[in-house]
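Quick notes on the structure that follows.
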Amino acid sequence: MSDNKLERIKCLIIGSGPAGYTAAIYASRADLKPIMYTGMEPGGQLTTTTEVDNFPGYPEGIDGPTMMMQLQKQAERFGTEVRIGMVTEVEFSKEVGGIHKACIDNSTWVEAETVIISTGATAKYLGLPSEQRLRGGGVSACAVCDGFFYKNQEVAIVGGGDTAAEEATYLANICSKVTMLVRKDEMRASKAMQHRVTNTKNIDLRYNSQVDEVLGEQVVEGLRILNNVTGEKEEINITGLFIAIGHKPNTEVFKGQLDMHEDGYLITQGKSTKTNLPGVFASGDVQDKEYRQAVTAAGTGCMAALDAERYLAAIESKEEVSA
Ligand SMILES: Cc1cc2nc3c(=O)[nH]c(=O)nc-3n(C[C@H](O)[C@H](O)[C@H](O)COP(=O)(O)OP(=O)(O)OC[C@H]3O[C@@H](n4cnc5c(N)ncnc54)[C@H](O)[C@@H]3O)c2cc1C
């Protein structure tokens, strides 16, 4: 770390999704002069979707990239500096009032009094070429986000865990039929969730089944299913395919420094966004495996900025700061 590359700031925001931008709006209006690093996906997950219909304030809906550009403009209006760059290493202080360090793109170090982590969680996909080609054209990793677009239509869902079971029953309320593909001969989901699935009439549950190919050129028109025991293949007509095989929180870089759940989600204290380290806060999907929505991410982004502002104010007035 060479001295001429050090920069000391009040508030570093890592990640540029709805959580990061909302934190930026609040932090810049509180005069924390935040600097945001966007990461590899400027604008976050919503830039991969065409239609956002459920974010309050857009009666006609809005496309994801436009919404994220508007959030960026709003944050910049109050003085947030948005920089392209990836945080590749961190050295967080354990002391109240300590200085946290973050390395950008393996070269430049930034020192910050507070850090807001909003690095999100990445949905896992199967990796089939036909699935990747049709992402946004009927293949989705979020039933709550996109299920409504398939009202009264036939869809399929892949996965056998609690989230898949929950999303299958959610879709069954909206869609005429849900074919659920479980790769093994049993589901990983809890017994209660399994019951919910098997008790829902319009869910066609198929064990030992996996996607062979998603059919359609521009949009999903069907699915070829492979029975991995018999080797038989079958084609069904669907208009939407939901992948529910899990998410990976983007927390690799914080390993060993911040407390995490077994699956990598950051642990925050009670109803706050405080991590185990003073001055380091977490907001959005990176600390929320339950809801994972833009509006909830934005809500916790607001909380993180308020927590950061209060933390700095308490230090300045020499109040006792809870870690
Ligand atoms: C296809 C799809 C459609 C969706 N549709 C909807 C919808 O209609 N309505 C809805 O409410 N929700 C929707 N969601 C969910 C919604 O996108 C997420 O809940 C929301 O984006 C989470 O916001 P976030 O700010 O926590 O993280 P993200 O949006 O995931 O953003 C994370 C940010 O962190 C950055 N980052 C990661 N690692 C680093 C690093 N090391 N250094 C710097 N930056 C880093 C990334 O580049 C990115 O900018 C959808 C999700 C998907 C995948």
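Naming works like this for the structure tokens: A, B, ... for the chains as they're shown, residue 1 at the start of each chain, ligands 1 onward in shown order.
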
So which residues of stretch 71-202 of chain A fall under alpha helix (DSSP H) by DSSP, listed as a PDB file with N, CA, C and O atoms, in the first residue's frame?
```pdb
ATOM      1  N   LEU A  71     -31.979   6.232 -10.060  1.00  0.00           N
ATOM      2  CA  LEU A  71     -31.456   6.204  -8.686  1.00  0.00           C
ATOM      3  C   LEU A  71     -30.049   6.799  -8.634  1.00  0.00           C
ATOM      4  O   LEU A  71     -29.697   7.524  -7.705  1.00  0.00           O
ATOM      5  N   GLN A  72     -29.254   6.483  -9.658  1.00  0.00           N
ATOM      6  CA  GLN A  72     -27.888   7.034  -9.700  1.00  0.00           C
ATOM      7  C   GLN A  72     -27.935   8.561  -9.775  1.00  0.00           C
ATOM      8  O   GLN A  72     -27.246   9.263  -9.029  1.00  0.00           O
ATOM      9  N   LYS A  73     -28.793   9.072 -10.666  1.00  0.00           N
ATOM     10  CA  LYS A  73     -28.902  10.544 -10.820  1.00  0.00           C
ATOM     11  C   LYS A  73     -29.324  11.186  -9.508  1.00  0.00           C
ATOM     12  O   LYS A  73     -28.828  12.236  -9.115  1.00  0.00           O
ATOM     13  N   GLN A  74     -30.277  10.517  -8.829  1.00  0.00           N
ATOM     14  CA  GLN A  74     -30.775  11.079  -7.563  1.00  0.00           C
ATOM     15  C   GLN A  74     -29.652  11.130  -6.527  1.00  0.00           C
ATOM     16  O   GLN A  74     -29.494  12.116  -5.829  1.00  0.00           O
ATOM     17  N   ALA A  75     -28.856  10.074  -6.471  1.00  0.00           N
ATOM     18  CA  ALA A  75     -27.744  10.043  -5.500  1.00  0.00           C
ATOM     19  C   ALA A  75     -26.687  11.086  -5.867  1.00  0.00           C
ATOM     20  O   ALA A  75     -26.145  11.776  -4.998  1.00  0.00           O
ATOM     21  N   GLU A  76     -26.431  11.236  -7.164  1.00  0.00           N
ATOM     22  CA  GLU A  76     -25.407  12.204  -7.593  1.00  0.00           C
ATOM     23  C   GLU A  76     -25.866  13.645  -7.367  1.00  0.00           C
ATOM     24  O   GLU A  76     -25.056  14.526  -7.114  1.00  0.00           O
ATOM     25  N   ARG A  77     -27.175  13.866  -7.438  1.00  0.00           N
ATOM     26  CA  ARG A  77     -27.705  15.223  -7.226  1.00  0.00           C
ATOM     27  C   ARG A  77     -27.307  15.761  -5.857  1.00  0.00           C
ATOM     28  O   ARG A  77     -27.109  16.950  -5.668  1.00  0.00           O
ATOM     29  N   PRO A 129     -26.960 -23.323 -22.216  1.00  0.00           N
ATOM     30  CA  PRO A 129     -26.980 -22.223 -23.190  1.00  0.00           C
ATOM     31  C   PRO A 129     -28.401 -21.717 -23.481  1.00  0.00           C
ATOM     32  O   PRO A 129     -28.632 -20.516 -23.569  1.00  0.00           O
ATOM     33  N   SER A 130     -29.367 -22.644 -23.609  1.00  0.00           N
ATOM     34  CA  SER A 130     -30.740 -22.214 -23.939  1.00  0.00           C
ATOM     35  C   SER A 130     -31.347 -21.409 -22.781  1.00  0.00           C
ATOM     36  O   SER A 130     -32.109 -20.465 -22.994  1.00  0.00           O
ATOM     37  N   GLU A 131     -30.974 -21.757 -21.563  1.00  0.00           N
ATOM     38  CA  GLU A 131     -31.466 -21.015 -20.390  1.00  0.00           C
ATOM     39  C   GLU A 131     -30.880 -19.603 -20.383  1.00  0.00           C
ATOM     40  O   GLU A 131     -31.594 -18.603 -20.197  1.00  0.00           O
ATOM     41  N   GLN A 132     -29.575 -19.507 -20.647  1.00  0.00           N
ATOM     42  CA  GLN A 132     -28.919 -18.194 -20.626  1.00  0.00           C
ATOM     43  C   GLN A 132     -29.455 -17.300 -21.740  1.00  0.00           C
ATOM     44  O   GLN A 132     -29.658 -16.108 -21.549  1.00  0.00           O
ATOM     45  N   ARG A 133     -29.694 -17.903 -22.915  1.00  0.00           N
ATOM     46  CA  ARG A 133     -30.191 -17.120 -24.053  1.00  0.00           C
ATOM     47  C   ARG A 133     -31.566 -16.528 -23.755  1.00  0.00           C
ATOM     48  O   ARG A 133     -31.889 -15.424 -24.183  1.00  0.00           O
ATOM     49  N   ALA A 143     -39.618 -15.566  -8.701  1.00  0.00           N
ATOM     50  CA  ALA A 143     -41.053 -15.782  -8.926  1.00  0.00           C
ATOM     51  C   ALA A 143     -41.881 -14.607  -8.423  1.00  0.00           C
ATOM     52  O   ALA A 143     -42.846 -14.197  -9.070  1.00  0.00           O
ATOM     53  N   VAL A 144     -41.494 -14.060  -7.275  1.00  0.00           N
ATOM     54  CA  VAL A 144     -42.266 -12.938  -6.717  1.00  0.00           C
ATOM     55  C   VAL A 144     -42.186 -11.734  -7.660  1.00  0.00           C
ATOM     56  O   VAL A 144     -43.149 -10.979  -7.808  1.00  0.00           O
ATOM     57  N   CYS A 145     -41.003 -11.574  -8.310  1.00  0.00           N
ATOM     58  CA  CYS A 145     -40.821 -10.423  -9.212  1.00  0.00           C
ATOM     59  C   CYS A 145     -41.584 -10.617 -10.518  1.00  0.00           C
ATOM     60  O   CYS A 145     -42.224  -9.707 -11.019  1.00  0.00           O
ATOM     61  N   ASP A 146     -41.487 -11.805 -11.094  1.00  0.00           N
ATOM     62  CA  ASP A 146     -41.926 -11.980 -12.478  1.00  0.00           C
ATOM     63  C   ASP A 146     -43.147 -12.893 -12.655  1.00  0.00           C
ATOM     64  O   ASP A 146     -43.675 -12.996 -13.768  1.00  0.00           O
ATOM     65  N   ASP A 162     -36.530 -25.170   0.189  1.00  0.00           N
ATOM     66  CA  ASP A 162     -37.636 -24.388   0.752  1.00  0.00           C
ATOM     67  C   ASP A 162     -38.052 -23.240  -0.167  1.00  0.00           C
ATOM     68  O   ASP A 162     -39.242 -22.976  -0.339  1.00  0.00           O
ATOM     69  N   THR A 163     -37.047 -22.545  -0.735  1.00  0.00           N
ATOM     70  CA  THR A 163     -37.374 -21.405  -1.599  1.00  0.00           C
ATOM     71  C   THR A 163     -38.139 -21.870  -2.824  1.00  0.00           C
ATOM     72  O   THR A 163     -39.144 -21.264  -3.213  1.00  0.00           O
ATOM     73  N   ALA A 164     -37.693 -22.972  -3.426  1.00  0.00           N
ATOM     74  CA  ALA A 164     -38.386 -23.499  -4.612  1.00  0.00           C
ATOM     75  C   ALA A 164     -39.824 -23.869  -4.251  1.00  0.00           C
ATOM     76  O   ALA A 164     -40.764 -23.567  -5.008  1.00  0.00           O
ATOM     77  N   ALA A 165     -39.994 -24.512  -3.098  1.00  0.00           N
ATOM     78  CA  ALA A 165     -41.339 -24.931  -2.677  1.00  0.00           C
ATOM     79  C   ALA A 165     -42.224 -23.700  -2.449  1.00  0.00           C
ATOM     80  O   ALA A 165     -43.381 -23.650  -2.880  1.00  0.00           O
ATOM     81  N   GLU A 166     -41.657 -22.699  -1.789  1.00  0.00           N
ATOM     82  CA  GLU A 166     -42.407 -21.469  -1.516  1.00  0.00           C
ATOM     83  C   GLU A 166     -42.787 -20.777  -2.833  1.00  0.00           C
ATOM     84  O   GLU A 166     -43.922 -20.336  -3.013  1.00  0.00           O
ATOM     85  N   GLU A 167     -41.813 -20.697  -3.740  1.00  0.00           N
ATOM     86  CA  GLU A 167     -42.080 -20.012  -5.010  1.00  0.00           C
ATOM     87  C   GLU A 167     -43.065 -20.808  -5.868  1.00  0.00           C
ATOM     88  O   GLU A 167     -43.880 -20.231  -6.580  1.00  0.00           O
ATOM     89  N   ALA A 168     -43.012 -22.145  -5.788  1.00  0.00           N
ATOM     90  CA  ALA A 168     -43.949 -22.972  -6.556  1.00  0.00           C
ATOM     91  C   ALA A 168     -45.386 -22.703  -6.098  1.00  0.00           C
ATOM     92  O   ALA A 168     -46.295 -22.541  -6.927  1.00  0.00           O
ATOM     93  N   THR A 169     -45.579 -22.614  -4.787  1.00  0.00           N
ATOM     94  CA  THR A 169     -46.948 -22.376  -4.297  1.00  0.00           C
ATOM     95  C   THR A 169     -47.380 -20.939  -4.598  1.00  0.00           C
ATOM     96  O   THR A 169     -48.546 -20.681  -4.891  1.00  0.00           O
ATOM     97  N   TYR A 170     -46.416 -20.023  -4.570  1.00  0.00           N
ATOM     98  CA  TYR A 170     -46.723 -18.628  -4.946  1.00  0.00           C
ATOM     99  C   TYR A 170     -47.203 -18.587  -6.407  1.00  0.00           C
ATOM    100  O   TYR A 170     -48.226 -17.980  -6.729  1.00  0.00           O
ATOM    101  N   LEU A 171     -46.460 -19.275  -7.278  1.00  0.00           N
ATOM    102  CA  LEU A 171     -46.808 -19.289  -8.708  1.00  0.00           C
ATOM    103  C   LEU A 171     -48.147 -19.992  -8.947  1.00  0.00           C
ATOM    104  O   LEU A 171     -48.924 -19.586  -9.817  1.00  0.00           O
ATOM    105  N   ALA A 172     -48.392 -21.041  -8.151  1.00  0.00           N
ATOM    106  CA  ALA A 172     -49.634 -21.814  -8.340  1.00  0.00           C
ATOM    107  C   ALA A 172     -50.875 -20.952  -8.119  1.00  0.00           C
ATOM    108  O   ALA A 172     -51.938 -21.223  -8.678  1.00  0.00           O
ATOM    109  N   ASN A 173     -50.727 -19.889  -7.307  1.00  0.00           N
ATOM    110  CA  ASN A 173     -51.848 -18.972  -7.071  1.00  0.00           C
ATOM    111  C   ASN A 173     -52.134 -18.092  -8.276  1.00  0.00           C
ATOM    112  O   ASN A 173     -53.232 -17.565  -8.415  1.00  0.00           O
ATOM    113  N   ILE A 174     -51.121 -17.900  -9.106  1.00  0.00           N
ATOM    114  CA  ILE A 174     -51.236 -16.958 -10.223  1.00  0.00           C
ATOM    115  C   ILE A 174     -51.408 -17.697 -11.552  1.00  0.00           C
ATOM    116  O   ILE A 174     -52.183 -17.293 -12.408  1.00  0.00           O
ATOM    117  N   LYS A 191     -40.539 -30.626   5.722  1.00  0.00           N
ATOM    118  CA  LYS A 191     -41.761 -31.439   5.541  1.00  0.00           C
ATOM    119  C   LYS A 191     -42.983 -30.544   5.342  1.00  0.00           C
ATOM    120  O   LYS A 191     -43.843 -30.818   4.502  1.00  0.00           O
ATOM    121  N   ALA A 192     -43.045 -29.462   6.115  1.00  0.00           N
ATOM    122  CA  ALA A 192     -44.203 -28.562   6.027  1.00  0.00           C
ATOM    123  C   ALA A 192     -44.312 -27.977   4.618  1.00  0.00           C
ATOM    124  O   ALA A 192     -45.403 -27.921   4.027  1.00  0.00           O
ATOM    125  N   MET A 193     -43.163 -27.571   4.056  1.00  0.00           N
ATOM    126  CA  MET A 193     -43.189 -26.982   2.712  1.00  0.00           C
ATOM    127  C   MET A 193     -43.537 -28.052   1.674  1.00  0.00           C
ATOM    128  O   MET A 193     -44.239 -27.785   0.696  1.00  0.00           O
ATOM    129  N   GLN A 194     -43.042 -29.268   1.894  1.00  0.00           N
ATOM    130  CA  GLN A 194     -43.362 -30.359   0.957  1.00  0.00           C
ATOM    131  C   GLN A 194     -44.863 -30.614   0.931  1.00  0.00           C
ATOM    132  O   GLN A 194     -45.461 -30.830  -0.119  1.00  0.00           O
ATOM    133  N   HIS A 195     -45.459 -30.566   2.144  1.00  0.00           N
ATOM    134  CA  HIS A 195     -46.909 -30.760   2.225  1.00  0.00           C
ATOM    135  C   HIS A 195     -47.651 -29.695   1.445  1.00  0.00           C
ATOM    136  O   HIS A 195     -48.623 -29.969   0.747  1.00  0.00           O
ATOM    137  N   ARG A 196     -47.164 -28.474   1.601  1.00  0.00           N
ATOM    138  CA  ARG A 196     -47.811 -27.370   0.895  1.00  0.00           C
ATOM    139  C   ARG A 196     -47.797 -27.631  -0.615  1.00  0.00           C
ATOM    140  O   ARG A 196     -48.789 -27.421  -1.303  1.00  0.00           O
ATOM    141  N   VAL A 197     -46.656 -28.110  -1.093  1.00  0.00           N
ATOM    142  CA  VAL A 197     -46.539 -28.373  -2.540  1.00  0.00           C
ATOM    143  C   VAL A 197     -47.471 -29.509  -2.956  1.00  0.00           C
ATOM    144  O   VAL A 197     -48.250 -29.394  -3.915  1.00  0.00           O
ATOM    145  N   THR A 198     -47.397 -30.621  -2.214  1.00  0.00           N
ATOM    146  CA  THR A 198     -48.182 -31.789  -2.642  1.00  0.00           C
ATOM    147  C   THR A 198     -49.691 -31.557  -2.466  1.00  0.00           C
ATOM    148  O   THR A 198     -50.497 -32.209  -3.124  1.00  0.00           O
TER     149      THR A 198
END
```

Within 7 Å of ligand 1, counting only C-alpha atoms and all ligand atoms, which protein or nucleic acid residues do you find, written as a PyMOL selection string? chain A and resi 14-20+37-46+48-49+51-55+85-88+118-123+136+140-142+145-146+250+253+283-286+292-295+297-298

Create the file for the chosen residues now, containing C-alpha atoms and written as a tab-separated table (two decimals), in the first residue's frame.
```tsv
chain	number	residue	atom	x	y	z
A	14	ILE	CA	-19.74	-0.89	-1.79
A	15	GLY	CA	-22.24	-1.89	-4.48
A	16	SER	CA	-24.62	0.01	-6.76
A	17	GLY	CA	-27.97	-1.78	-6.51
A	18	PRO	CA	-31.11	-0.33	-4.89
A	19	ALA	CA	-29.56	-0.74	-1.41
A	20	GLY	CA	-26.32	1.05	-2.32
A	37	TYR	CA	-17.82	1.70	-5.94
A	38	THR	CA	-20.17	0.04	-8.41
A	39	GLY	CA	-18.59	-3.39	-8.77
A	40	MET	CA	-18.83	-5.47	-11.93
A	41	GLU	CA	-22.57	-4.93	-12.32
A	42	PRO	CA	-23.27	-1.17	-12.17
A	43	GLY	CA	-26.92	-0.81	-11.16
A	44	GLY	CA	-27.09	-4.31	-9.70
A	45	GLN	CA	-29.48	-7.15	-10.45
A	46	LEU	CA	-32.31	-4.98	-11.74
A	48	THR	CA	-30.83	-7.71	-15.91
A	49	THR	CA	-34.61	-7.37	-16.04
A	51	GLU	CA	-39.94	-4.86	-16.33
A	52	VAL	CA	-40.13	-3.78	-12.69
A	53	ASP	CA	-43.81	-3.56	-11.80
A	54	ASN	CA	-43.75	-3.63	-8.03
A	55	PHE	CA	-41.48	-0.77	-6.97
A	85	GLY	CA	-14.41	-0.36	-9.43
A	86	MET	CA	-14.46	-3.56	-7.47
A	87	VAL	CA	-13.50	-3.90	-3.81
A	88	THR	CA	-10.97	-6.72	-3.91
A	118	SER	CA	-24.49	-3.51	-0.42
A	119	THR	CA	-22.92	-6.16	-2.60
A	120	GLY	CA	-26.11	-8.17	-3.14
A	121	ALA	CA	-26.58	-11.86	-3.80
A	122	THR	CA	-26.30	-13.50	-7.19
A	123	ALA	CA	-28.97	-15.94	-8.32
A	136	GLY	CA	-35.38	-11.98	-19.61
A	140	SER	CA	-36.36	-15.80	-14.40
A	141	ALA	CA	-34.78	-16.39	-11.01
A	142	CYS	CA	-37.47	-14.51	-9.10
A	145	CYS	CA	-40.82	-10.42	-9.21
A	146	ASP	CA	-41.93	-11.98	-12.48
A	250	ASN	CA	-21.31	-11.62	-2.69
A	253	VAL	CA	-14.05	-10.52	0.08
A	283	SER	CA	-27.84	-3.54	3.60
A	284	GLY	CA	-29.82	-5.23	0.85
A	285	ASP	CA	-29.75	-8.80	-0.35
A	286	VAL	CA	-26.26	-9.40	1.04
A	292	ARG	CA	-34.68	-10.20	-1.63
A	293	GLN	CA	-36.74	-7.43	-3.23
A	294	ALA	CA	-35.69	-4.03	-4.55
A	295	VAL	CA	-37.93	-2.20	-2.11
A	297	ALA	CA	-33.05	-3.59	-0.28
A	298	ALA	CA	-33.75	0.14	-0.62
```

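Residue neighbourhood of stretch 96-100 of chain A, excluding near-sequence residues (fewer than 5 positions): A:Val90, A:Glu91, A:Glu111, A:Ala112, A:Glu113, A:Thr114, A:Val115, A:Pro278, A:Gly279, A:Leu312, A:Ile315, A:Val321, A:Ala323, at 8 Å, using only C-alpha atoms.
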
From a backbone DSSP assignment, name each residue in stretch 83-278 of chain A labelled strand (DSSP E), as an MDAnalysis selection string. chainID A and resid 83 87:91 100:104 108:117 121:123 139:140 154:158 177:181 203:206 209:215 222:227 233:237 240:243 247:249

Distance query A:Ala23 at most 6 Å, only C-alpha atoms, self and fewer than 2 positions along chain excluded, as a list in words: Gly20, Tyr21, Ile25, Tyr26, Ala27, Gly301, Cys302 and Ala305 of chain A

A:Phe92, A:Phe78, A:Phe242, A:Tyr58 ranked by distance to A:Val139, top pick (using only C-alpha atoms): A:Phe242

Nearest candidate to A:Ser107 (options A:Leu126, A:Leu6, A:Leu205, A:Met187; using only C-alpha atoms): A:Leu6

10 Å contact set for A:Glu221, only C-alpha atoms, chain neighbours under 4 positions out, as a ChimeraX atom specification: /A:137-138,155,214-217,236-241
